[in-house]
$ cat start.txt   # compact mmCIF, C-alpha atoms and all ligand atoms
# COMPACT_ATOMS: atom_id res chain seq x y z
CA MET A 185 0.00 0.00 0.00
CA LYS A 186 1.64 3.23 -1.15
CA LYS A 187 1.76 5.98 1.42
CA ASN A 188 1.34 8.89 -0.94
CA LYS A 189 -2.05 7.67 -2.04
CA ILE A 190 -5.49 8.24 -0.58
CA ASN A 191 -7.06 5.15 0.96
CA LEU A 192 -10.53 4.74 -0.46
CA MET A 193 -12.95 1.94 0.40
CA ILE A 194 -15.82 1.31 -2.00
CA VAL A 195 -18.78 -0.63 -0.61
CA ASP A 196 -21.31 -1.80 -3.20
CA ASP A 197 -23.10 -5.05 -3.97
CA GLU A 198 -22.58 -4.66 -7.75
CA GLU A 199 -19.30 -6.40 -8.60
CA GLN A 200 -19.07 -4.75 -12.02
CA PHE A 201 -19.42 -1.32 -10.53
CA LEU A 202 -16.67 -2.11 -7.99
CA GLU A 203 -14.29 -3.25 -10.69
CA SER A 204 -14.86 -0.32 -13.01
CA MET A 205 -14.46 2.14 -10.14
CA ARG A 206 -11.30 0.42 -8.99
CA LYS A 207 -9.75 0.67 -12.47
CA ARG A 208 -10.64 4.30 -12.85
CA LEU A 209 -9.54 5.42 -9.41
CA GLU A 210 -6.34 3.40 -9.03
CA VAL A 211 -4.78 5.36 -11.89
CA ARG A 212 -5.77 8.55 -10.10
CA ASP A 213 -3.76 8.21 -6.90
CA PHE A 214 -6.15 6.15 -4.82
CA ASN A 215 -5.48 2.90 -2.98
CA VAL A 216 -8.80 1.23 -3.61
CA ILE A 217 -10.28 -1.43 -1.35
CA THR A 218 -13.56 -2.91 -2.60
CA VAL A 219 -16.11 -4.85 -0.56
CA ASN A 220 -19.61 -5.99 -1.50
CA ARG A 221 -21.32 -5.88 1.91
CA GLY A 222 -21.63 -3.42 4.77
CA GLU A 223 -20.64 -6.13 7.26
CA LYS A 224 -17.35 -6.65 5.40
CA ALA A 225 -16.72 -2.92 5.29
CA ILE A 226 -16.88 -2.74 9.09
CA GLU A 227 -14.42 -5.63 9.37
CA VAL A 228 -11.98 -4.33 6.74
CA ALA A 229 -11.90 -0.83 8.24
CA ARG A 230 -10.70 -2.34 11.52
CA SER A 231 -7.51 -3.66 9.93
CA SER A 232 -6.85 -1.36 6.95
CA PRO A 233 -6.51 2.42 6.94
CA VAL A 234 -9.46 4.10 5.21
CA ASP A 235 -9.50 7.86 4.63
CA VAL A 236 -12.73 8.05 2.68
CA ALA A 237 -15.48 5.48 2.03
CA LEU A 238 -17.94 5.42 -0.83
CA VAL A 239 -20.98 3.47 0.37
CA ASP A 240 -23.92 2.20 -1.67
CA LEU A 241 -27.25 2.86 0.02
CA LYS A 242 -29.01 -0.33 -1.04
CA MET A 243 -27.25 -3.61 -0.36
CA PRO A 244 -28.29 -7.00 0.95
CA GLY A 245 -27.47 -7.36 4.64
CA ILE A 246 -26.96 -4.15 6.55
CA SER A 247 -27.94 -1.04 4.60
CA GLY A 248 -25.66 1.77 3.52
CA GLU A 249 -27.14 3.95 6.24
CA GLU A 250 -26.39 1.39 8.95
CA THR A 251 -22.89 0.88 7.51
CA LEU A 252 -22.36 4.64 7.65
CA LYS A 253 -23.37 4.80 11.31
CA LEU A 254 -21.17 1.90 12.33
CA LEU A 255 -18.15 3.17 10.41
CA LYS A 256 -18.49 6.67 11.85
CA LYS A 257 -18.83 5.28 15.36
CA GLU A 258 -15.50 3.45 15.12
CA HIS A 259 -13.58 5.87 12.87
CA LYS A 260 -14.43 9.43 13.65
CA TRP A 261 -12.17 10.98 11.01
CA MET A 262 -13.38 8.76 8.19
CA GLU A 263 -15.49 10.69 5.69
CA ILE A 264 -18.28 8.82 3.95
CA VAL A 265 -19.98 9.54 0.65
CA ILE A 266 -23.26 7.73 -0.02
CA LEU A 267 -24.07 6.34 -3.46
CA THR A 268 -27.67 6.15 -4.47
CA GLY A 269 -29.77 5.11 -7.42
CA HIS A 270 -32.90 6.83 -8.73
CA GLY A 271 -35.71 7.06 -6.23
CA SER A 272 -33.57 6.92 -3.10
CA VAL A 273 -32.40 10.50 -3.03
CA ASP A 274 -34.49 11.31 0.06
CA SER A 275 -32.83 8.54 2.05
CA ALA A 276 -29.43 9.73 0.83
CA VAL A 277 -30.22 13.24 2.06
CA ASP A 278 -31.15 11.72 5.45
CA CYS A 279 -27.70 10.12 5.52
CA THR A 280 -26.04 13.52 5.35
CA GLN A 281 -27.90 14.30 8.58
CA THR A 282 -26.54 11.17 10.23
CA GLY A 283 -22.91 11.83 9.41
CA ALA A 284 -22.34 11.26 5.68
CA TYR A 285 -20.20 13.92 4.05
CA SER A 286 -22.34 13.95 0.93
CA TYR A 287 -24.14 11.75 -1.54
CA LEU A 288 -23.90 11.04 -5.25
CA GLN A 289 -26.43 9.61 -7.64
CA LYS A 290 -25.44 6.63 -9.75
CA PRO A 291 -24.26 6.52 -12.44
CA CYS A 292 -21.90 9.29 -11.40
CA GLU A 293 -19.57 11.14 -13.66
CA LEU A 294 -15.90 10.58 -12.81
CA ASN A 295 -14.96 14.22 -12.49
CA GLU A 296 -17.91 14.88 -10.20
CA LEU A 297 -16.86 11.91 -8.08
CA LEU A 298 -13.26 13.18 -7.90
CA ILE A 299 -14.45 16.59 -6.74
CA VAL A 300 -16.60 15.08 -3.99
CA LEU A 301 -13.81 12.72 -2.89
CA LYS A 302 -11.37 15.64 -2.83
CA ASP A 303 -13.72 17.71 -0.67
CA ALA A 304 -14.43 14.79 1.66
CA TYR A 305 -10.72 14.12 2.09
CA LYS A 306 -10.07 17.81 2.65
CA LYS A 307 -12.62 17.75 5.46
CA ARG A 308 -10.94 14.74 7.02
CA VAL A 309 -7.51 16.41 6.89
CA MET A 310 -8.91 19.63 8.37
CA ASN A 311 -10.68 17.82 11.22
CA ARG A 312 -7.86 15.47 12.00
CA HIS A 313 -5.18 18.16 12.06
CA LYS A 314 -7.48 20.88 13.39
CA ILE A 315 -6.85 23.17 10.45
CA GLU A 316 -9.21 26.09 9.90
CA GLU A 317 -10.69 26.66 6.44
CA LYS A 318 -8.73 29.88 5.92
CA LYS A 319 -5.46 28.28 6.93
CA MET A 320 -6.28 25.26 4.74
CA ASN A 321 -6.82 27.46 1.70
CA GLU A 322 -3.44 29.10 2.35
CA LEU A 323 -1.83 25.69 2.63
CA LEU A 324 -3.45 24.54 -0.58
CA LYS A 325 -2.83 27.84 -2.39
CA ILE A 326 -5.93 27.01 -4.37
CA SER A 327 -5.99 28.46 -7.83
CA GLN A 328 -8.74 28.27 -10.39
CA SER A 329 -6.65 25.95 -12.50
CA SER A 330 -5.94 23.35 -9.80
CA SER A 331 -7.47 20.01 -10.71
CA PRO A 332 -9.06 17.84 -8.01
CA ARG A 333 -6.14 15.50 -8.53
CA GLU A 334 -3.53 18.18 -7.80
CA ILE A 335 -5.43 19.26 -4.71
CA LEU A 336 -5.67 15.65 -3.53
CA ARG A 337 -1.89 15.29 -3.84
CA LYS A 338 -1.34 18.46 -1.87
CA LEU A 339 -3.79 17.31 0.81
CA ARG A 340 -1.98 14.00 1.06
CA GLU A 341 1.28 15.89 1.68
CA ILE A 342 -0.37 17.94 4.42
CA ASP A 343 -1.83 14.80 5.99
CA GLY A 344 1.67 13.40 6.28
CA GLY A 345 1.13 10.23 4.30
CA SER A 346 -0.07 8.29 7.31
MG MG A 401 -26.91 -1.72 -4.41

$ encode --input "start.txt" --output "structure tokens" --more "lines below"
Ligand SMILES: [Mg+2]
Amino acid sequence: MKKNKINLMIVDDEEQFLESMRKRLEVRDFNVITVNRGEKAIEVARSSPVDVALVDLKMPGISGEETLKLLKKEHKWMEIVILTGHGSVDSAVDCTQTGAYSYLQKPCELNELLIVLKDAYKKRVMNRHKIEEKKMNELLKISQSSSPREILRKLREIDGGS
């Protein structure tokens, strides 16, 4: 597991979705761990570092919402983004009130996903290192031209590669 990468866990019961996400995100500086059940996500997060988790709302076994609650309870700095299909947006919004950073509707566009993952990771780094927004923006020296990928790299540096 490379230390200069962001540790992302994807939890979804659709194997094809997991594989396509893995392929697309591994080339973009993420260490990707995929699991197909909420129960497994809880287990894996106990032994592997996870910075951000992308969690499907509807899965057999424990739901995405329950997975979110359990993950947050054990890993307070982990940021979680909920994935939802059509018709479940209301439940996804509820998740943001129970600790999810945000939610995305499937199928999601890669650049949109990268932006949300970047913002979720930024929040984690700020909380964990107690960095204020203003100070964070100075540290990032955010310019209009910075891509989510560049910002993610910079955030990883600030986080200390742990
Ligand atoms: Mg599902």

$ residues_near_point --input "start.txt" --point "(-25.4, 6.9, -8.8)" --cutoff "7 Å" --atoms "only C-alpha atoms" --output "PDB file with C-alpha atoms, keeping the file's coordinate frame"
ATOM      1  CA  LEU A 267     -24.070   6.340  -3.460  1.00  0.00           C
ATOM      2  CA  THR A 268     -27.670   6.150  -4.470  1.00  0.00           C
ATOM      3  CA  GLY A 269     -29.770   5.110  -7.420  1.00  0.00           C
ATOM      4  CA  LEU A 288     -23.900  11.040  -5.250  1.00  0.00           C
ATOM      5  CA  GLN A 289     -26.430   9.610  -7.640  1.00  0.00           C
ATOM      6  CA  LYS A 290     -25.440   6.630  -9.750  1.00  0.00           C
ATOM      7  CA  PRO A 291     -24.260   6.520 -12.440  1.00  0.00           C
ATOM      8  CA  CYS A 292     -21.900   9.290 -11.400  1.00  0.00           C
TER       9      CYS A 292
END

$ residues_around --input "start.txt" --residues "A:Val300" --least-positions-apart "3" --cutoff "10 Å" --atoms "only C-alpha atoms" --output "list in words"
Val265, Tyr285, Ser286, Tyr287, Leu288, Leu294, Asn295, Glu296, Leu297, Asp303, Ala304, Tyr305, Lys306 and Pro332 of chain A

$ residues_near_ligand --input "start.txt" --ligand "ligand MG 401 (chain A)" --cutoff "9 Å" --atoms "all atoms listed in the file" --output "short mmCIF file (atom, residue, chain, number, x, y, z; two decimals) with C-alpha atoms, keeping the file's coordinate frame"
data_model
loop_
_atom_site.label_atom_id
_atom_site.label_comp_id
_atom_site.auth_asym_id
_atom_site.auth_seq_id
_atom_site.Cartn_x
_atom_site.Cartn_y
_atom_site.Cartn_z
CA ASP A 196 -21.31 -1.80 -3.20
CA ASP A 197 -23.10 -5.05 -3.97
CA GLU A 198 -22.58 -4.66 -7.75
CA ASN A 220 -19.61 -5.99 -1.50
CA ASP A 240 -23.92 2.20 -1.67
CA LEU A 241 -27.25 2.86 0.02
CA LYS A 242 -29.01 -0.33 -1.04
CA MET A 243 -27.25 -3.61 -0.36
CA PRO A 244 -28.29 -7.00 0.95
CA GLY A 248 -25.66 1.77 3.52
CA LEU A 267 -24.07 6.34 -3.46
CA THR A 268 -27.67 6.15 -4.47
CA GLY A 269 -29.77 5.11 -7.42
#

$ atom_distance --input "start.txt" --atom1 "atom CA of A:Thr282" --atom2 "atom CA of A:Ser204"
28.4 Å

$ atom_distance --input "start.txt" --atom1 "atom CA of A:Arg208" --atom2 "atom CA of A:Val234"
18.1 Å

$ closest_residue --input "start.txt" --among "A:Val309, A:Ala284, A:Val273, A:Ile335" --to "A:Leu255" --atoms "all atoms listed in the file"
A:Ala284

$ atom_distance --input "start.txt" --atom1 "atom CA of A:Thr280" --atom2 "atom CA of A:Val219"
21.7 Å

$ closest_residue --input "start.txt" --among "A:Ala237, A:Met310, A:Ile299, A:Leu336" --to "A:Ala225" --atoms "only C-alpha atoms"
A:Ala237

$ closest_residue --input "start.txt" --among "A:His313, A:Arg337, A:Arg230, A:Lys302" --to "A:Glu258" --atoms "all atoms listed in the file"
A:Arg230

$ closest_residue --input "start.txt" --among "A:Cys279, A:Ile246, A:Val195, A:Arg308" --to "A:Glu263" --atoms "all atoms listed in the file"
A:Arg308

$ closest_residue --input "start.txt" --among "A:Arg206, A:Lys256, A:His270, A:Lys314" --to "A:Val236" --atoms "only C-alpha atoms"
A:Lys256

$ closest_residue --input "start.txt" --among "A:Ile315, A:Gly283, A:Leu298, A:Ile264" --to "A:Asp235" --atoms "all atoms listed in the file"
A:Ile264

$ build_atoms --input "start.txt" --residues "stretch 250-275 of chain A" --atoms "N, CA and C atoms" --output "PDB file, in the frame of the given file"
ATOM      1  N   GLU A 250     -26.879   2.078   7.752  1.00  0.00           N
ATOM      2  CA  GLU A 250     -26.390   1.390   8.950  1.00  0.00           C
ATOM      3  C   GLU A 250     -24.853   1.272   8.901  1.00  0.00           C
ATOM      4  N   THR A 251     -24.345   0.980   7.705  1.00  0.00           N
ATOM      5  CA  THR A 251     -22.890   0.880   7.510  1.00  0.00           C
ATOM      6  C   THR A 251     -22.229   2.214   7.857  1.00  0.00           C
ATOM      7  N   LEU A 252     -22.832   3.278   7.362  1.00  0.00           N
ATOM      8  CA  LEU A 252     -22.360   4.640   7.650  1.00  0.00           C
ATOM      9  C   LEU A 252     -22.265   4.879   9.158  1.00  0.00           C
ATOM     10  N   LYS A 253     -23.342   4.548   9.862  1.00  0.00           N
ATOM     11  CA  LYS A 253     -23.370   4.800  11.310  1.00  0.00           C
ATOM     12  C   LYS A 253     -22.298   4.010  12.038  1.00  0.00           C
ATOM     13  N   LEU A 254     -22.155   2.741  11.656  1.00  0.00           N
ATOM     14  CA  LEU A 254     -21.170   1.900  12.330  1.00  0.00           C
ATOM     15  C   LEU A 254     -19.744   2.333  12.021  1.00  0.00           C
ATOM     16  N   LEU A 255     -19.497   2.714  10.776  1.00  0.00           N
ATOM     17  CA  LEU A 255     -18.150   3.170  10.410  1.00  0.00           C
ATOM     18  C   LEU A 255     -17.793   4.453  11.149  1.00  0.00           C
ATOM     19  N   LYS A 256     -18.735   5.387  11.180  1.00  0.00           N
ATOM     20  CA  LYS A 256     -18.490   6.670  11.850  1.00  0.00           C
ATOM     21  C   LYS A 256     -18.246   6.491  13.350  1.00  0.00           C
ATOM     22  N   LYS A 257     -18.952   5.530  13.927  1.00  0.00           N
ATOM     23  CA  LYS A 257     -18.830   5.280  15.360  1.00  0.00           C
ATOM     24  C   LYS A 257     -17.405   4.818  15.715  1.00  0.00           C
ATOM     25  N   GLU A 258     -16.836   3.988  14.837  1.00  0.00           N
ATOM     26  CA  GLU A 258     -15.500   3.450  15.120  1.00  0.00           C
ATOM     27  C   GLU A 258     -14.364   4.302  14.565  1.00  0.00           C
ATOM     28  N   HIS A 259     -14.655   5.095  13.533  1.00  0.00           N
ATOM     29  CA  HIS A 259     -13.580   5.870  12.870  1.00  0.00           C
ATOM     30  C   HIS A 259     -14.046   7.296  12.693  1.00  0.00           C
ATOM     31  N   LYS A 260     -13.802   8.106  13.701  1.00  0.00           N
ATOM     32  CA  LYS A 260     -14.430   9.430  13.650  1.00  0.00           C
ATOM     33  C   LYS A 260     -13.907  10.356  12.564  1.00  0.00           C
ATOM     34  N   TRP A 261     -12.686  10.105  12.070  1.00  0.00           N
ATOM     35  CA  TRP A 261     -12.170  10.980  11.010  1.00  0.00           C
ATOM     36  C   TRP A 261     -12.498  10.474   9.607  1.00  0.00           C
ATOM     37  N   MET A 262     -13.069   9.283   9.519  1.00  0.00           N
ATOM     38  CA  MET A 262     -13.380   8.760   8.190  1.00  0.00           C
ATOM     39  C   MET A 262     -14.542   9.559   7.590  1.00  0.00           C
ATOM     40  N   GLU A 263     -14.385   9.995   6.349  1.00  0.00           N
ATOM     41  CA  GLU A 263     -15.490  10.690   5.690  1.00  0.00           C
ATOM     42  C   GLU A 263     -16.179   9.714   4.745  1.00  0.00           C
ATOM     43  N   ILE A 264     -17.498   9.787   4.720  1.00  0.00           N
ATOM     44  CA  ILE A 264     -18.280   8.820   3.950  1.00  0.00           C
ATOM     45  C   ILE A 264     -19.196   9.513   2.951  1.00  0.00           C
ATOM     46  N   VAL A 265     -19.115   9.034   1.717  1.00  0.00           N
ATOM     47  CA  VAL A 265     -19.980   9.540   0.650  1.00  0.00           C
ATOM     48  C   VAL A 265     -20.943   8.412   0.289  1.00  0.00           C
ATOM     49  N   ILE A 266     -22.221   8.722   0.274  1.00  0.00           N
ATOM     50  CA  ILE A 266     -23.260   7.730  -0.020  1.00  0.00           C
ATOM     51  C   ILE A 266     -23.546   7.706  -1.525  1.00  0.00           C
ATOM     52  N   LEU A 267     -23.697   6.506  -2.058  1.00  0.00           N
ATOM     53  CA  LEU A 267     -24.070   6.340  -3.460  1.00  0.00           C
ATOM     54  C   LEU A 267     -25.519   5.897  -3.523  1.00  0.00           C
ATOM     55  N   THR A 268     -26.266   6.501  -4.397  1.00  0.00           N
ATOM     56  CA  THR A 268     -27.670   6.150  -4.470  1.00  0.00           C
ATOM     57  C   THR A 268     -28.179   6.068  -5.903  1.00  0.00           C
ATOM     58  N   GLY A 269     -29.157   5.211  -6.104  1.00  0.00           N
ATOM     59  CA  GLY A 269     -29.770   5.110  -7.420  1.00  0.00           C
ATOM     60  C   GLY A 269     -30.964   6.057  -7.490  1.00  0.00           C
ATOM     61  N   HIS A 270     -31.684   6.021  -8.593  1.00  0.00           N
ATOM     62  CA  HIS A 270     -32.900   6.830  -8.730  1.00  0.00           C
ATOM     63  C   HIS A 270     -33.908   6.426  -7.653  1.00  0.00           C
ATOM     64  N   GLY A 271     -34.627   7.381  -7.158  1.00  0.00           N
ATOM     65  CA  GLY A 271     -35.710   7.060  -6.230  1.00  0.00           C
ATOM     66  C   GLY A 271     -35.291   6.943  -4.782  1.00  0.00           C
ATOM     67  N   SER A 272     -33.997   7.032  -4.503  1.00  0.00           N
ATOM     68  CA  SER A 272     -33.570   6.920  -3.100  1.00  0.00           C
ATOM     69  C   SER A 272     -32.895   8.197  -2.624  1.00  0.00           C
ATOM     70  N   VAL A 273     -33.085   9.259  -3.376  1.00  0.00           N
ATOM     71  CA  VAL A 273     -32.400  10.500  -3.030  1.00  0.00           C
ATOM     72  C   VAL A 273     -32.786  11.005  -1.634  1.00  0.00           C
ATOM     73  N   ASP A 274     -34.055  10.854  -1.270  1.00  0.00           N
ATOM     74  CA  ASP A 274     -34.490  11.310   0.060  1.00  0.00           C
ATOM     75  C   ASP A 274     -33.728  10.610   1.182  1.00  0.00           C
ATOM     76  N   SER A 275     -33.573   9.291   1.035  1.00  0.00           N
ATOM     77  CA  SER A 275     -32.830   8.540   2.050  1.00  0.00           C
ATOM     78  C   SER A 275     -31.364   8.965   2.069  1.00  0.00           C
TER      79      SER A 275
END
